[in-house]
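Notes follow once the structure below has been shown.
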Amino acid sequence: MNLFSTLFHTLFSSDSTYNALYRFFDESNSIMLLIDPESGEIINANHAASHYYGYALDQLVGMSISSFNILPHEEVKQERQRALTEERNYFNFKHRIANGEIRDVEVYSTPINLDDRKVLFSIIHDITERKKAEAHLQEVNENLAKQELIFKQIMDTSSVAIFLVNLQGFITHANQRMAEMFLYPLDELIGKEYVELIHSSEKEIARQKMLALLSSKIPSVDLERIYCRFDGSNFWGRLTGKRFYDTKGIEIGLVGVIADIDESKYIQQCEQHHKQILQMIALKSPLYTILHVMIGDIESIHHQRVGCSIVLFDETNHKLILGATSNELQLLSTTLIEASSNNALFLQNLLHLPSKPTLFSTLAENRWWSENIECPPSHDNENCWVNPIVSAFGKPLGLLIICSLKHQALTPREIKLVEDEVQFVALAIEKSQSDAKVQLAANVFTHAKEGIIITDPHGTIIEANEAFIRTTGFNLEEIIGHNPRILKSGRQETSFYTHMWQSILTQGNWQGEIWNRRKDGSIYAEMVNISAIKDSEGEIQHFVALFTDITTIKEHEKKLEHMAHHDALTSLPNRVLLWDRIHQAIAEAQRYNTYLALLYIDLDGFKEINDTYGHSIGDELLITISQRISALLRKNETIARLGGDEFVALLTDLKKPEECISILERILEAMREVIVIHGIDLYVSASIGVSFYPKDTIDAEKLVLHADKAMYRAKQSGKNRYQFFNMQEDLS
């Protein structure tokens, strides 16, 4: 028995017919567990589960699911029995992870046979953020009846679409988020019939729902449906709607809130789809049945925007045969099959296509393709993709074809679908062909997305997979026989590695982030999991390390952090960061007994410029103004954009309130200066309201509110001026 057989026999001592499922189980990004239905013991778990729950994999296996589920032990056991008898397979639970945090999860749990016994195969999906979003929607609905000012603030700042529909079913009001969500200019959205925004498959049902709501047959609606954007694309939205009344209690229409749930819905549908395919593979469903289900699910998930076809090479790679196809791709599939049967060169070129999505237009540049394939009129070369399906050993198994049925370019998500689905098709084919256990285990090692190295007990590398070679840039010959310290970047201290090896030697496992260096000298971040493999006597025989390159994730996290705290248009601090700065400034003012001035700045004449020259000119004007104000402030002072043409400036370290007058006058002067954009002379001014800490208030929220009120007084007094907050005037 060679090294790989020994290793994977240790890790997975199950029937060889389940090897394909186990390989996918380990590699999947979804959280997966195998659970004993009687005791609740976790029999097996994948790396995604280990990462999510915060426990090392060898800790997680053997724990009870009741360690996570906050329900009483007996209730958890009852739910397992319901899943075992298939009385119910979908659950909502609260799980406590290793750091003590309690997360909301959806659990899909179904019984499968494993080693002559039934176990529960569970897929867990974290829905904490969705719960928060639902709570946010509920809060929005409850607050819609409040006074006009609050309603306006919600309309202007909400992350969901909010709109009003009159009794005739036409939109009378909508917030900016709705225009962004549907890709319509706001003025075109107003006056549009609401049901025209709904997908044709649901339009008539939606019309009847609206009539029932208007006629008081139903009190409200809370549902998920498919909407259409201006560019023809579709998305899932969560609609909450109810009747709307004026101040006299007279019904004037409907108020609706739409949250864009397309991404979460897509993830949910994909997980359900993948769960179903895995169940069919585990239950040994016929290959062609699995492929037909895959095609149907892909069409449904993407609202019939795409068509798919799966054609397979026979076992000798001498011809193509049809696996499954959308009706719209039937002719295209037949054309491919006939061309391959009549032309050996054409078939050979198909067998050697690169293992990535390729456009038909790219293939058409080759004579062997253009002379044999003419794309049917219902498709075009720019909107059709083909991706080879290969086994874990690199053997060609078939082709997955996906085409847009709307004569539109496929979205990045739809293109990624090709890459994701080929793995499931390959898994189904390999399972149906019952590949040997050792071959499958070796294939997992060779083609795993994570880099893998195996060392002897002294830390000398004895094997490395292709992903590791590809990530590090070293050839296999340059790695074998060396210690992994050749990758050391120097970013971590010696104590870091000392602690790491103490954990490996005492606990048998270590997981964490390491900065390593490639052969070309570039430094990259990795998530590393190192395990000690012991023999029956407890002696370490090998160390196995799995490496995942997370450099892109680190960079993305940094970008997201900036986006969360800065205005997308001007890159100024947004409302969230402003509040943080205000509280910091108040703390500093308390410590050093100084004043703090908060300036609420609203542009005069901006709306007229926006209406006259359009939003693009208005946006460039806002950027220029933000730069002018920023240039006038000191390094430790803040200018933030709240939205629209409203800004807030924070002046700190004032010995007395009057010190801010000079900066106020400079801001007003700077605003009055002509701004030239694309050859257009633009003129605006500013109305500024000022409140002081601690003179006017010691409360951060009231500080902003007082400045806002002072700004309105400045506007009422003729604009182009500043106004200090005056409590007496406010009371009068």
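Chain labels A, B, ... are given in the sequence in which chains occur in the structure tokens; within each chain residues are numbered consecutively from 1, and ligands are likewise numbered from 1 in the order shown.
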
(message) Need the shell around Ser201 (chain A): protein/DNA/RNA residues with any atom at most 10 Å away, counting only C-alpha atoms. Skip same-chain ones fewer than 3 positions apart. Format as a ChimeraX atom specification?
(response) /A:198,204-206,225-226,303

I need the chosen residues saved as a short mmCIF file (atom, residue, chain, number, x, y, z; two decimals), in the first residue's frame, with N, CA, C and O atoms.
data_model
loop_
_atom_site.label_atom_id
_atom_site.label_comp_id
_atom_site.auth_asym_id
_atom_site.auth_seq_id
_atom_site.Cartn_x
_atom_site.Cartn_y
_atom_site.Cartn_z
N ILE A 198 -42.35 43.67 -12.99
CA ILE A 198 -42.36 42.28 -12.53
C ILE A 198 -42.16 41.35 -13.72
O ILE A 198 -42.60 41.62 -14.84
N GLU A 204 -49.29 38.68 -13.98
CA GLU A 204 -50.74 38.65 -13.77
C GLU A 204 -51.09 38.34 -12.32
O GLU A 204 -52.01 38.91 -11.74
N ILE A 205 -50.33 37.42 -11.71
CA ILE A 205 -50.55 37.11 -10.29
C ILE A 205 -50.30 38.34 -9.44
O ILE A 205 -51.05 38.64 -8.50
N ALA A 206 -49.25 39.10 -9.79
CA ALA A 206 -48.93 40.31 -9.04
C ALA A 206 -50.05 41.34 -9.18
O ALA A 206 -50.40 42.04 -8.22
N ARG A 225 -40.40 37.61 -5.15
CA ARG A 225 -40.77 37.48 -6.56
C ARG A 225 -39.62 37.96 -7.44
O ARG A 225 -38.67 38.59 -6.97
N ILE A 226 -39.74 37.67 -8.73
CA ILE A 226 -38.71 38.03 -9.70
C ILE A 226 -39.08 39.35 -10.35
O ILE A 226 -40.20 39.53 -10.84
N HIS A 303 -33.79 31.96 -14.27
CA HIS A 303 -35.02 32.55 -14.83
C HIS A 303 -35.13 32.31 -16.34
O HIS A 303 -35.56 33.19 -17.09
#

Give the alpha helix (DSSP H) residues of region 190-388 of chain A, as assigned by DSSP on the backbone, as a CSV table (one decimal) with C-alpha atoms, in the first residue's frame.
chain,number,residue,atom,x,y,z
A,203,LYS,CA,-47.1,39.7,-13.8
A,204,GLU,CA,-50.7,38.7,-13.8
A,205,ILE,CA,-50.6,37.1,-10.3
A,206,ALA,CA,-48.9,40.3,-9.0
A,207,ARG,CA,-51.7,42.4,-10.6
A,208,GLN,CA,-54.4,40.3,-8.8
A,209,LYS,CA,-52.4,40.6,-5.5
A,210,MET,CA,-52.3,44.4,-5.9
A,211,LEU,CA,-56.1,44.6,-6.6
A,212,ALA,CA,-56.8,42.4,-3.6
A,213,LEU,CA,-54.7,44.7,-1.4
A,214,LEU,CA,-56.3,47.8,-2.7
A,262,ASP,CA,-31.0,38.1,-5.5
A,263,GLU,CA,-27.5,37.0,-4.2
A,264,SER,CA,-28.8,35.3,-1.1
A,265,LYS,CA,-31.6,33.6,-3.1
A,266,TYR,CA,-29.1,32.5,-5.7
A,267,ILE,CA,-26.8,31.0,-3.1
A,268,GLN,CA,-29.8,29.3,-1.4
A,269,GLN,CA,-31.0,27.9,-4.7
A,270,CYS,CA,-27.5,26.7,-5.7
A,271,GLU,CA,-27.1,25.0,-2.3
A,272,GLN,CA,-30.4,23.3,-2.7
A,273,HIS,CA,-29.5,22.3,-6.2
A,274,HIS,CA,-26.1,20.9,-5.1
A,275,LYS,CA,-27.7,19.1,-2.2
A,276,GLN,CA,-30.2,17.4,-4.5
A,277,ILE,CA,-27.4,16.4,-6.9
A,278,LEU,CA,-25.3,15.0,-4.0
A,279,GLN,CA,-28.3,13.1,-2.7
A,280,MET,CA,-29.0,11.6,-6.2
A,281,ILE,CA,-25.3,10.6,-6.5
A,282,ALA,CA,-25.4,9.0,-3.0
A,287,LEU,CA,-26.4,9.3,-14.6
A,288,TYR,CA,-28.8,10.6,-17.3
A,289,THR,CA,-31.5,11.3,-14.6
A,290,ILE,CA,-28.9,13.4,-12.7
A,291,LEU,CA,-27.8,15.3,-15.8
A,292,HIS,CA,-31.4,16.2,-16.7
A,293,VAL,CA,-32.1,17.4,-13.2
A,294,MET,CA,-29.0,19.6,-13.4
A,295,ILE,CA,-30.1,21.2,-16.7
A,296,GLY,CA,-33.6,21.9,-15.4
A,297,ASP,CA,-32.3,23.4,-12.1
A,298,ILE,CA,-29.8,25.7,-14.0
A,299,GLU,CA,-32.6,27.0,-16.2
A,300,SER,CA,-34.9,27.6,-13.3
A,301,ILE,CA,-32.2,29.3,-11.1
A,330,GLN,CA,-31.1,20.5,-29.0
A,331,LEU,CA,-30.1,21.4,-32.6
A,332,LEU,CA,-26.7,22.7,-31.4
A,333,SER,CA,-26.0,19.5,-29.5
A,334,THR,CA,-27.0,17.3,-32.5
A,335,THR,CA,-24.7,19.4,-34.8
A,336,LEU,CA,-21.8,18.8,-32.4
A,337,ILE,CA,-22.4,15.1,-32.2
A,338,GLU,CA,-22.7,14.6,-36.0
A,339,ALA,CA,-19.6,16.7,-36.6
A,340,SER,CA,-17.6,14.6,-34.2
A,341,SER,CA,-18.8,11.3,-35.7
A,342,ASN,CA,-17.9,12.4,-39.2
A,344,ALA,CA,-11.8,12.4,-36.4
A,345,LEU,CA,-9.7,15.7,-36.4
A,346,PHE,CA,-12.7,17.6,-35.1
A,347,LEU,CA,-13.2,15.0,-32.3
A,348,GLN,CA,-9.5,15.1,-31.4
A,349,ASN,CA,-9.6,18.9,-31.1
A,350,LEU,CA,-12.6,18.7,-28.8
A,351,LEU,CA,-10.7,16.2,-26.6
A,360,PHE,CA,-17.7,29.9,-29.4
A,361,SER,CA,-16.3,33.0,-31.2
A,362,THR,CA,-12.8,32.0,-30.0
A,363,LEU,CA,-13.3,28.4,-31.3
A,367,ARG,CA,-10.6,26.1,-39.2
A,368,TRP,CA,-11.4,22.7,-37.7
A,369,TRP,CA,-14.4,24.3,-35.9
A,370,SER,CA,-15.6,26.9,-38.5

(request) Calculate how many Å separate CA of Lys519 (chain A) from CA of Thr494 (chain A), rounding to one decimal. (result)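 If I compute the distance from CA of Lys519 (chain A) to CA of Thr494 (chain A), I get 21.4 Å.
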
(request) From region 82-172 of chain A, collect each residue whose DSSP state is strand (DSSP E) and return the set as a PyMOL selection string. (result) chain A and resi 90-96+102-114+117-126+161-165+171-172

(request) Could you jot down the CA of Ser109 (chain A) to CA of Ile429 (chain A) separation for me, Å, one decimal place? (result)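 Rounded to one decimal, the two atoms are 24.4 Å apart.
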
(message) When you look at Ser122 (chain A) with a cut-off of 6 Å (counting only C-alpha atoms), what residues show up, excluding the ones that are within fewer than 2 positions of it in the same chain? I need them as an NGL selection string.
(response) :A and (32-33 or 108-109)

Need the shell around Pro388 (chain A): protein/DNA/RNA residues with any atom at most 10 Å away, counting only C-alpha atoms. Skip same-chain ones fewer than 4 positions apart. Format as a PDB file with all heavy atoms, in the first residue's frame?
ATOM      1  N   ILE A 310     -25.265  19.069 -22.109  1.00  0.00           N
ATOM      2  CA  ILE A 310     -24.152  18.225 -21.670  1.00  0.00           C
ATOM      3  C   ILE A 310     -24.004  17.092 -22.673  1.00  0.00           C
ATOM      4  O   ILE A 310     -24.929  16.292 -22.863  1.00  0.00           O
ATOM      5  CB  ILE A 310     -24.390  17.642 -20.261  1.00  0.00           C
ATOM      6  CG1 ILE A 310     -24.564  18.770 -19.236  1.00  0.00           C
ATOM      7  CG2 ILE A 310     -23.226  16.740 -19.855  1.00  0.00           C
ATOM      8  CD1 ILE A 310     -24.996  18.287 -17.871  1.00  0.00           C
ATOM      9  N   VAL A 311     -22.864  17.073 -23.367  1.00  0.00           N
ATOM     10  CA  VAL A 311     -22.560  15.964 -24.276  1.00  0.00           C
ATOM     11  C   VAL A 311     -21.354  15.228 -23.716  1.00  0.00           C
ATOM     12  O   VAL A 311     -20.432  15.847 -23.166  1.00  0.00           O
ATOM     13  CB  VAL A 311     -22.292  16.465 -25.710  1.00  0.00           C
ATOM     14  CG1 VAL A 311     -23.572  16.964 -26.351  1.00  0.00           C
ATOM     15  CG2 VAL A 311     -21.238  17.563 -25.733  1.00  0.00           C
ATOM     16  N   LEU A 312     -21.357  13.894 -23.843  1.00  0.00           N
ATOM     17  CA  LEU A 312     -20.353  13.053 -23.192  1.00  0.00           C
ATOM     18  C   LEU A 312     -19.523  12.296 -24.220  1.00  0.00           C
ATOM     19  O   LEU A 312     -20.038  11.885 -25.271  1.00  0.00           O
ATOM     20  CB  LEU A 312     -21.033  12.050 -22.249  1.00  0.00           C
ATOM     21  CG  LEU A 312     -22.005  12.624 -21.219  1.00  0.00           C
ATOM     22  CD1 LEU A 312     -22.670  11.491 -20.457  1.00  0.00           C
ATOM     23  CD2 LEU A 312     -21.298  13.574 -20.274  1.00  0.00           C
ATOM     24  N   LEU A 350     -11.694  18.573 -29.897  1.00  0.00           N
ATOM     25  CA  LEU A 350     -12.606  18.685 -28.753  1.00  0.00           C
ATOM     26  C   LEU A 350     -11.998  18.027 -27.521  1.00  0.00           C
ATOM     27  O   LEU A 350     -12.117  18.542 -26.399  1.00  0.00           O
ATOM     28  CB  LEU A 350     -13.953  18.039 -29.073  1.00  0.00           C
ATOM     29  CG  LEU A 350     -14.857  18.735 -30.086  1.00  0.00           C
ATOM     30  CD1 LEU A 350     -16.160  17.961 -30.240  1.00  0.00           C
ATOM     31  CD2 LEU A 350     -15.152  20.170 -29.667  1.00  0.00           C
ATOM     32  N   LEU A 351     -11.344  16.896 -27.724  1.00  0.00           N
ATOM     33  CA  LEU A 351     -10.744  16.172 -26.603  1.00  0.00           C
ATOM     34  C   LEU A 351      -9.608  16.958 -25.953  1.00  0.00           C
ATOM     35  O   LEU A 351      -9.302  16.747 -24.772  1.00  0.00           O
ATOM     36  CB  LEU A 351     -10.212  14.813 -27.075  1.00  0.00           C
ATOM     37  CG  LEU A 351     -11.264  13.746 -27.384  1.00  0.00           C
ATOM     38  CD1 LEU A 351     -10.640  12.584 -28.152  1.00  0.00           C
ATOM     39  CD2 LEU A 351     -11.909  13.247 -26.104  1.00  0.00           C
ATOM     40  N   HIS A 352      -8.992  17.869 -26.693  1.00  0.00           N
ATOM     41  CA  HIS A 352      -7.832  18.593 -26.184  1.00  0.00           C
ATOM     42  C   HIS A 352      -8.127  20.064 -25.915  1.00  0.00           C
ATOM     43  O   HIS A 352      -7.200  20.880 -25.809  1.00  0.00           O
ATOM     44  CB  HIS A 352      -6.657  18.467 -27.158  1.00  0.00           C
ATOM     45  CG  HIS A 352      -6.105  17.076 -27.246  1.00  0.00           C
ATOM     46  ND1 HIS A 352      -6.555  16.149 -28.165  1.00  0.00           N
ATOM     47  CD2 HIS A 352      -5.159  16.441 -26.500  1.00  0.00           C
ATOM     48  CE1 HIS A 352      -5.906  15.007 -28.006  1.00  0.00           C
ATOM     49  NE2 HIS A 352      -5.051  15.152 -27.000  1.00  0.00           N
ATOM     50  N   LEU A 353      -9.395  20.425 -25.779  1.00  0.00           N
ATOM     51  CA  LEU A 353      -9.728  21.799 -25.415  1.00  0.00           C
ATOM     52  C   LEU A 353      -9.190  22.120 -24.025  1.00  0.00           C
ATOM     53  O   LEU A 353      -9.171  21.259 -23.150  1.00  0.00           O
ATOM     54  CB  LEU A 353     -11.246  22.006 -25.428  1.00  0.00           C
ATOM     55  CG  LEU A 353     -11.932  22.100 -26.792  1.00  0.00           C
ATOM     56  CD1 LEU A 353     -13.446  22.179 -26.608  1.00  0.00           C
ATOM     57  CD2 LEU A 353     -11.438  23.324 -27.557  1.00  0.00           C
ATOM     58  N   PRO A 354      -8.756  23.365 -23.788  1.00  0.00           N
ATOM     59  CA  PRO A 354      -8.281  23.732 -22.431  1.00  0.00           C
ATOM     60  C   PRO A 354      -9.421  23.655 -21.425  1.00  0.00           C
ATOM     61  O   PRO A 354     -10.575  23.931 -21.747  1.00  0.00           O
ATOM     62  CB  PRO A 354      -7.799  25.182 -22.619  1.00  0.00           C
ATOM     63  CG  PRO A 354      -8.514  25.684 -23.838  1.00  0.00           C
ATOM     64  CD  PRO A 354      -8.691  24.498 -24.732  1.00  0.00           C
ATOM     65  N   SER A 355      -9.072  23.293 -20.194  1.00  0.00           N
ATOM     66  CA  SER A 355     -10.090  23.075 -19.146  1.00  0.00           C
ATOM     67  C   SER A 355     -10.540  24.391 -18.530  1.00  0.00           C
ATOM     68  O   SER A 355     -10.307  24.668 -17.353  1.00  0.00           O
ATOM     69  CB  SER A 355      -9.532  22.142 -18.059  1.00  0.00           C
ATOM     70  OG  SER A 355      -9.219  20.894 -18.592  1.00  0.00           O
ATOM     71  N   LYS A 356     -11.185  25.210 -19.331  1.00  0.00           N
ATOM     72  CA  LYS A 356     -11.736  26.492 -18.869  1.00  0.00           C
ATOM     73  C   LYS A 356     -12.843  26.907 -19.818  1.00  0.00           C
ATOM     74  O   LYS A 356     -12.904  26.420 -20.959  1.00  0.00           O
ATOM     75  CB  LYS A 356     -10.638  27.567 -18.829  1.00  0.00           C
ATOM     76  CG  LYS A 356     -10.025  27.862 -20.190  1.00  0.00           C
ATOM     77  CD  LYS A 356      -8.939  28.917 -20.088  1.00  0.00           C
ATOM     78  CE  LYS A 356      -8.351  29.229 -21.467  1.00  0.00           C
ATOM     79  NZ  LYS A 356      -7.296  30.262 -21.385  1.00  0.00           N
ATOM     80  N   PRO A 357     -13.739  27.806 -19.406  1.00  0.00           N
ATOM     81  CA  PRO A 357     -14.806  28.255 -20.301  1.00  0.00           C
ATOM     82  C   PRO A 357     -14.219  28.975 -21.515  1.00  0.00           C
ATOM     83  O   PRO A 357     -13.360  29.840 -21.381  1.00  0.00           O
ATOM     84  CB  PRO A 357     -15.632  29.215 -19.431  1.00  0.00           C
ATOM     85  CG  PRO A 357     -15.300  28.847 -18.026  1.00  0.00           C
ATOM     86  CD  PRO A 357     -13.885  28.387 -18.059  1.00  0.00           C
ATOM     87  N   THR A 358     -14.675  28.602 -22.706  1.00  0.00           N
ATOM     88  CA  THR A 358     -14.189  29.201 -23.946  1.00  0.00           C
ATOM     89  C   THR A 358     -15.376  29.632 -24.798  1.00  0.00           C
ATOM     90  O   THR A 358     -16.336  28.876 -24.976  1.00  0.00           O
ATOM     91  CB  THR A 358     -13.326  28.203 -24.735  1.00  0.00           C
ATOM     92  OG1 THR A 358     -12.258  27.735 -23.905  1.00  0.00           O
ATOM     93  CG2 THR A 358     -12.751  28.855 -25.981  1.00  0.00           C
ATOM     94  N   PRO A 396     -10.722  13.279 -20.511  1.00  0.00           N
ATOM     95  CA  PRO A 396     -11.905  13.990 -21.017  1.00  0.00           C
ATOM     96  C   PRO A 396     -13.163  13.144 -20.834  1.00  0.00           C
ATOM     97  O   PRO A 396     -13.192  11.965 -21.204  1.00  0.00           O
ATOM     98  CB  PRO A 396     -11.582  14.200 -22.504  1.00  0.00           C
ATOM     99  CG  PRO A 396     -10.099  14.038 -22.620  1.00  0.00           C
ATOM    100  CD  PRO A 396      -9.724  13.038 -21.560  1.00  0.00           C
ATOM    101  N   LEU A 397     -14.189  13.751 -20.250  1.00  0.00           N
ATOM    102  CA  LEU A 397     -15.455  13.054 -20.015  1.00  0.00           C
ATOM    103  C   LEU A 397     -16.587  13.597 -20.875  1.00  0.00           C
ATOM    104  O   LEU A 397     -17.551  12.881 -21.151  1.00  0.00           O
ATOM    105  CB  LEU A 397     -15.854  13.172 -18.536  1.00  0.00           C
ATOM    106  CG  LEU A 397     -14.872  12.598 -17.511  1.00  0.00           C
ATOM    107  CD1 LEU A 397     -15.352  12.897 -16.100  1.00  0.00           C
ATOM    108  CD2 LEU A 397     -14.683  11.100 -17.716  1.00  0.00           C
ATOM    109  N   GLY A 398     -16.496  14.869 -21.265  1.00  0.00           N
ATOM    110  CA  GLY A 398     -17.571  15.465 -22.051  1.00  0.00           C
ATOM    111  C   GLY A 398     -17.420  16.968 -22.116  1.00  0.00           C
ATOM    112  O   GLY A 398     -16.370  17.531 -21.790  1.00  0.00           O
ATOM    113  N   LEU A 399     -18.493  17.628 -22.534  1.00  0.00           N
ATOM    114  CA  LEU A 399     -18.515  19.084 -22.673  1.00  0.00           C
ATOM    115  C   LEU A 399     -19.782  19.637 -22.050  1.00  0.00           C
ATOM    116  O   LEU A 399     -20.869  19.076 -22.235  1.00  0.00           O
ATOM    117  CB  LEU A 399     -18.465  19.495 -24.153  1.00  0.00           C
ATOM    118  CG  LEU A 399     -17.293  18.975 -24.990  1.00  0.00           C
ATOM    119  CD1 LEU A 399     -17.534  19.296 -26.458  1.00  0.00           C
ATOM    120  CD2 LEU A 399     -15.979  19.584 -24.516  1.00  0.00           C
ATOM    121  N   LEU A 400     -19.644  20.732 -21.291  1.00  0.00           N
ATOM    122  CA  LEU A 400     -20.797  21.474 -20.776  1.00  0.00           C
ATOM    123  C   LEU A 400     -20.899  22.759 -21.586  1.00  0.00           C
ATOM    124  O   LEU A 400     -19.953  23.540 -21.649  1.00  0.00           O
ATOM    125  CB  LEU A 400     -20.629  21.791 -19.293  1.00  0.00           C
ATOM    126  CG  LEU A 400     -21.702  22.706 -18.674  1.00  0.00           C
ATOM    127  CD1 LEU A 400     -23.080  22.070 -18.751  1.00  0.00           C
ATOM    128  CD2 LEU A 400     -21.365  23.047 -17.234  1.00  0.00           C
ATOM    129  N   ILE A 401     -22.055  22.974 -22.212  1.00  0.00           N
ATOM    130  CA  ILE A 401     -22.286  24.157 -23.045  1.00  0.00           C
ATOM    131  C   ILE A 401     -23.370  24.989 -22.389  1.00  0.00           C
ATOM    132  O   ILE A 401     -24.399  24.459 -21.947  1.00  0.00           O
ATOM    133  CB  ILE A 401     -22.727  23.745 -24.470  1.00  0.00           C
ATOM    134  CG1 ILE A 401     -21.660  22.862 -25.115  1.00  0.00           C
ATOM    135  CG2 ILE A 401     -22.995  24.977 -25.333  1.00  0.00           C
ATOM    136  CD1 ILE A 401     -22.132  22.145 -26.357  1.00  0.00           C
ATOM    137  N   VAL A 418     -20.618  27.816 -15.219  1.00  0.00           N
ATOM    138  CA  VAL A 418     -20.029  26.776 -16.062  1.00  0.00           C
ATOM    139  C   VAL A 418     -18.918  26.061 -15.302  1.00  0.00           C
ATOM    140  O   VAL A 418     -18.861  24.833 -15.248  1.00  0.00           O
ATOM    141  CB  VAL A 418     -19.475  27.396 -17.364  1.00  0.00           C
ATOM    142  CG1 VAL A 418     -18.937  26.311 -18.281  1.00  0.00           C
ATOM    143  CG2 VAL A 418     -20.545  28.207 -18.067  1.00  0.00           C
ATOM    144  N   GLU A 419     -18.040  26.853 -14.673  1.00  0.00           N
ATOM    145  CA  GLU A 419     -16.899  26.267 -13.969  1.00  0.00           C
ATOM    146  C   GLU A 419     -17.343  25.442 -12.770  1.00  0.00           C
ATOM    147  O   GLU A 419     -16.753  24.392 -12.472  1.00  0.00           O
ATOM    148  CB  GLU A 419     -15.953  27.383 -13.514  1.00  0.00           C
ATOM    149  CG  GLU A 419     -15.401  28.215 -14.656  1.00  0.00           C
ATOM    150  CD  GLU A 419     -14.597  29.410 -14.179  1.00  0.00           C
ATOM    151  OE1 GLU A 419     -15.068  30.111 -13.259  1.00  0.00           O
ATOM    152  OE2 GLU A 419     -13.524  29.641 -14.733  1.00  0.00           O
ATOM    153  N   VAL A 422     -19.309  21.956 -13.890  1.00  0.00           N
ATOM    154  CA  VAL A 422     -18.523  20.859 -14.464  1.00  0.00           C
ATOM    155  C   VAL A 422     -17.988  19.945 -13.367  1.00  0.00           C
ATOM    156  O   VAL A 422     -17.808  18.742 -13.594  1.00  0.00           O
ATOM    157  CB  VAL A 422     -17.353  21.395 -15.330  1.00  0.00           C
ATOM    158  CG1 VAL A 422     -17.864  22.080 -16.571  1.00  0.00           C
ATOM    159  CG2 VAL A 422     -16.443  22.315 -14.540  1.00  0.00           C
ATOM    160  N   ALA A 426     -18.678  16.060 -13.479  1.00  0.00           N
ATOM    161  CA  ALA A 426     -17.556  15.123 -13.393  1.00  0.00           C
ATOM    162  C   ALA A 426     -17.732  14.162 -12.222  1.00  0.00           C
ATOM    163  O   ALA A 426     -17.465  12.959 -12.337  1.00  0.00           O
ATOM    164  CB  ALA A 426     -16.240  15.890 -13.256  1.00  0.00           C
TER     165      ALA A 426
END
